[in-house]
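So the structure is just underneath, and the comments pick up after that.
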Amino acid sequence: MKLIGLTGAPAAALLLAGLSVATPAHAQMDGEELQRCIWRCLADSPGAGSSQYNSCVARSCSGQTPSAPSQARATWTVSGAATGGQMASVTVGRSTFSYVCQAGKPALLAISGLPGPSSGVVLSVDGREFRPPFAGRDGVHYTSARAGSGLINALLAGNAVQARNRAGNSVSNFPLSGSGKAIRTAMSRCGIHP
């Protein structure tokens with residue numbers, strides 16, 4: 001996927017400079033064992049966006065206890081010069097979910113810290129699945145973020161977003177509390193109307 005006007009643009013530099021690359025969170029299980037564990041959690045829950053599913057994956061598939069306290073402390077922030085590129089983002093552990101824009105350029109959604117190919121990234125907002133076309137660069141997955149789209153509207157009003165590869169063996173969860181205000185602030189500074 002090629003996003004017009006982004007090659008070498010300050011928005012892309014802001015995006016790549018502001019996001020960190022993470023290592024796989026589920027290194028202790030082999031791929032097939034991890035996949036079976038994730039499928040068991042999915043089968044025993046109301047869906048991939050549910051707290052039951054997320055707790056099961058964290059507890060059973062990664063050997064971690066559920067990370068609700070760290071997610072509760074994760075807050076959305078807005079960074080960028082008043083007239084330059086803007087980034088509204090939240091970081092949980094080693095993963096960051098961002099909305100990035102610059103006046104006159106297409107806006108982007110970006111995810112760092114999610115292992116796997118960009119072509120397989122699926123987003124789920126409060127259980128509603130979205131499959132926008134993602135591309136990758138330097139360990140960051142990104143896709144177009146058109147104002148007024150179903151995905152952007154869900155991110156502005158939702159409770160949580162989950163990013164995963166299609167196989168389900170890499171999962172990052174982000175709270176959306178405060179996302180509406182942060183994303184709208186970035187949009188406003190970029191001259192974009194929601």
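Chain labels run A, B, ... following the order of the structure tokens; each chain numbers its residues from 1, and ligands are numbered from 1 in the order shown.
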
All strand (DSSP E) residues (DSSP, backbone) inside segment 67-175 of chain A, as a PyMOL selection string = chain A and resi 77-79+86-92+95-101+108-112+121-125+128-130+135-137+140-144+160-165+171-175

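Residues surrounding segment 134-145 of chain A within 7 Å are A:Met1, A:Val21, A:Pro106, A:Ala107, A:Leu108, A:Leu109, A:Ala110, A:Ile111, A:Ser112, A:Ser118, A:Ser119, A:Val121, A:Pro132, A:Ala147, A:Ile152 [only C-alpha atoms; sequence separation below 2 positions excluded].
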
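The gap separating atom CA of Arg166 of chain A from atom CA of Thr77 of chain A is 28.3 Å, in Å to one decimal.
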
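Among the candidate residues A:Trp76, A:Ser172, A:Thr91, A:Ile192, the one lying nearest to Arg146 of chain A is A:Ile192, with distances computed using only C-alpha atoms.
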
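If you measure from each of A:Ser149, A:Gln162, A:Ser188, A:Ser98 to Phe174 of chain A using only C-alpha atoms, the closest one turns out to be A:Gln162.
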
Shell around Gly158 of chain A at 10 Å using only C-alpha atoms, local window under 4 positions removed, as a list in words | Val125, Asp126, Gly127, Leu151, Ile152, Asn153, Ala154, Pro175, Leu176, Ser177, Gly178, Ser179 and Gly180 of chain A

Who sits within 8 Å of Val171 of chain A, only C-alpha atoms, same chain under 6 positions skipped, as a list in words = Leu114, Gln162, Ala163, Arg164 and Asn165 of chain A

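Coordinates place atom CA of Ala88 of chain A at a distance of 21.5 Å from atom CA of Glu129 of chain A.
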
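You will find atom CA of Val78 of chain A at 12.1 Å from atom CA of Cys190 of chain A.
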
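Closest approach to Ser89 of chain A from the set A:Ala74, A:Pro194, A:Asn173, A:Gln102 is made by A:Ala74, with distances taken over only C-alpha atoms.
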
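Take the candidates A:Val90, A:Phe97, A:Cys56, A:Ala103 and check each one against Ala186 of chain A using only C-alpha atoms; the shortest distance goes to A:Ala103.
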
Best match for closeness to Gln86 of chain A among A:His193, A:Arg184, A:Arg131, A:Arg73, counting only C-alpha atoms | A:Arg184

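With distances restricted to only C-alpha atoms, A:Met187 is the closest residue to Lys105 of chain A from A:Met187, A:Gly150, A:Phe130, A:Ala167.
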